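Data block below; observations after.
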Amino acid sequence: MNQTVSVWLVVALALLAANLPFISNRLLLVYRLKNPKNLAIRLAEMVFWYFVVGGIALLLEQRAGQIAPQGWEFYAITATLFITFAFPGFVFRYLFKHR
């Protein structure tokens, strides 16, 4: 897998994973809860998926070559991008009127 494909794979995974907490009412897509998830649980689940996608990205970067050292700025930008990717799911869950 070349570097361009791995970058687009990580972006697509991030887009999917950022919206998973808002699409599904199951915790981590597995555990059925007695009560519907509230916003705090959805945000905690979103943090979990952020680290899962980050781990996959780290694995792909390691397979491509040497891992570049990252500072706090990198993680701040990627977290902000992940939150931006979650916007469609948030709109669907909380702002869209369901009939």
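In the structure tokens, chains take the letters A, B, ... in the order shown, each chain's residues start at 1, and ligands count up from 1 in the order shown.
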
Problem - Who sits within 8 Å of range 71-87 of chain A, only C-alpha atoms, same chain under 5 positions skipped, as JSON, numbers by chain - result: {"A": [14, 15, 18, 19, 50]}

Just to be explicit: take each residue in the selection above, keep N, CA, C and O atoms, and write the result as a short mmCIF file (atom, residue, chain, number, x, y, z; two decimals), in the first residue's frame.
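This is the output file out_32.cif:
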```
data_model
loop_
_atom_site.label_atom_id
_atom_site.label_comp_id
_atom_site.auth_asym_id
_atom_site.auth_seq_id
_atom_site.Cartn_x
_atom_site.Cartn_y
_atom_site.Cartn_z
N ALA A 14 -11.40 7.99 9.84
CA ALA A 14 -11.70 9.05 10.80
C ALA A 14 -13.10 9.62 10.58
O ALA A 14 -13.83 9.88 11.55
N LEU A 15 -13.49 9.78 9.34
CA LEU A 15 -14.83 10.28 9.04
C LEU A 15 -15.90 9.31 9.51
O LEU A 15 -16.90 9.71 10.11
N ALA A 18 -15.76 9.06 13.56
CA ALA A 18 -16.25 10.26 14.25
C ALA A 18 -17.77 10.29 14.30
O ALA A 18 -18.35 10.85 15.23
N ASN A 19 -18.42 9.66 13.33
CA ASN A 19 -19.88 9.67 13.29
C ASN A 19 -20.52 8.46 13.94
O ASN A 19 -21.73 8.45 14.17
N TYR A 50 -11.26 8.20 18.46
CA TYR A 50 -10.12 9.04 18.05
C TYR A 50 -8.81 8.29 18.29
O TYR A 50 -7.92 8.27 17.42
#
```

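As for CA of Phe51 in chain A and CA of Thr4 in chain A, they are spaced 21.3 Å apart.
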
Exercise for the section: Could you please write out, as a ChimeraX atom specification, every residue of range 35-72 of chain A that DSSP assigns to helix (DSSP H, G or I)? Expected result: /A:39-64,72

Handout entry: Shell around range 5-13 of chain A at 7 Å using only C-alpha atoms, local window under 4 positions removed, as a VMD selection string
Key = chain A and resid 1 17 53 57 60

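Distance-wise, CA of Leu20 in chain A and CA of Pro69 in chain A end up 29.0 Å apart.
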
Exercise for the section: For Glu45 in chain A, list every protein, DNA or RNA residue within 9 Å, evaluated using only C-alpha atoms, and leave out those in the same chain fewer than 2 positions away; present the list as a ChimeraX atom specification. Expected result: /A:20-21,27-28,40-43,47-50

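Between CA of Phe22 in chain A and CA of Met46 in chain A there is a distance of 8.9 Å.
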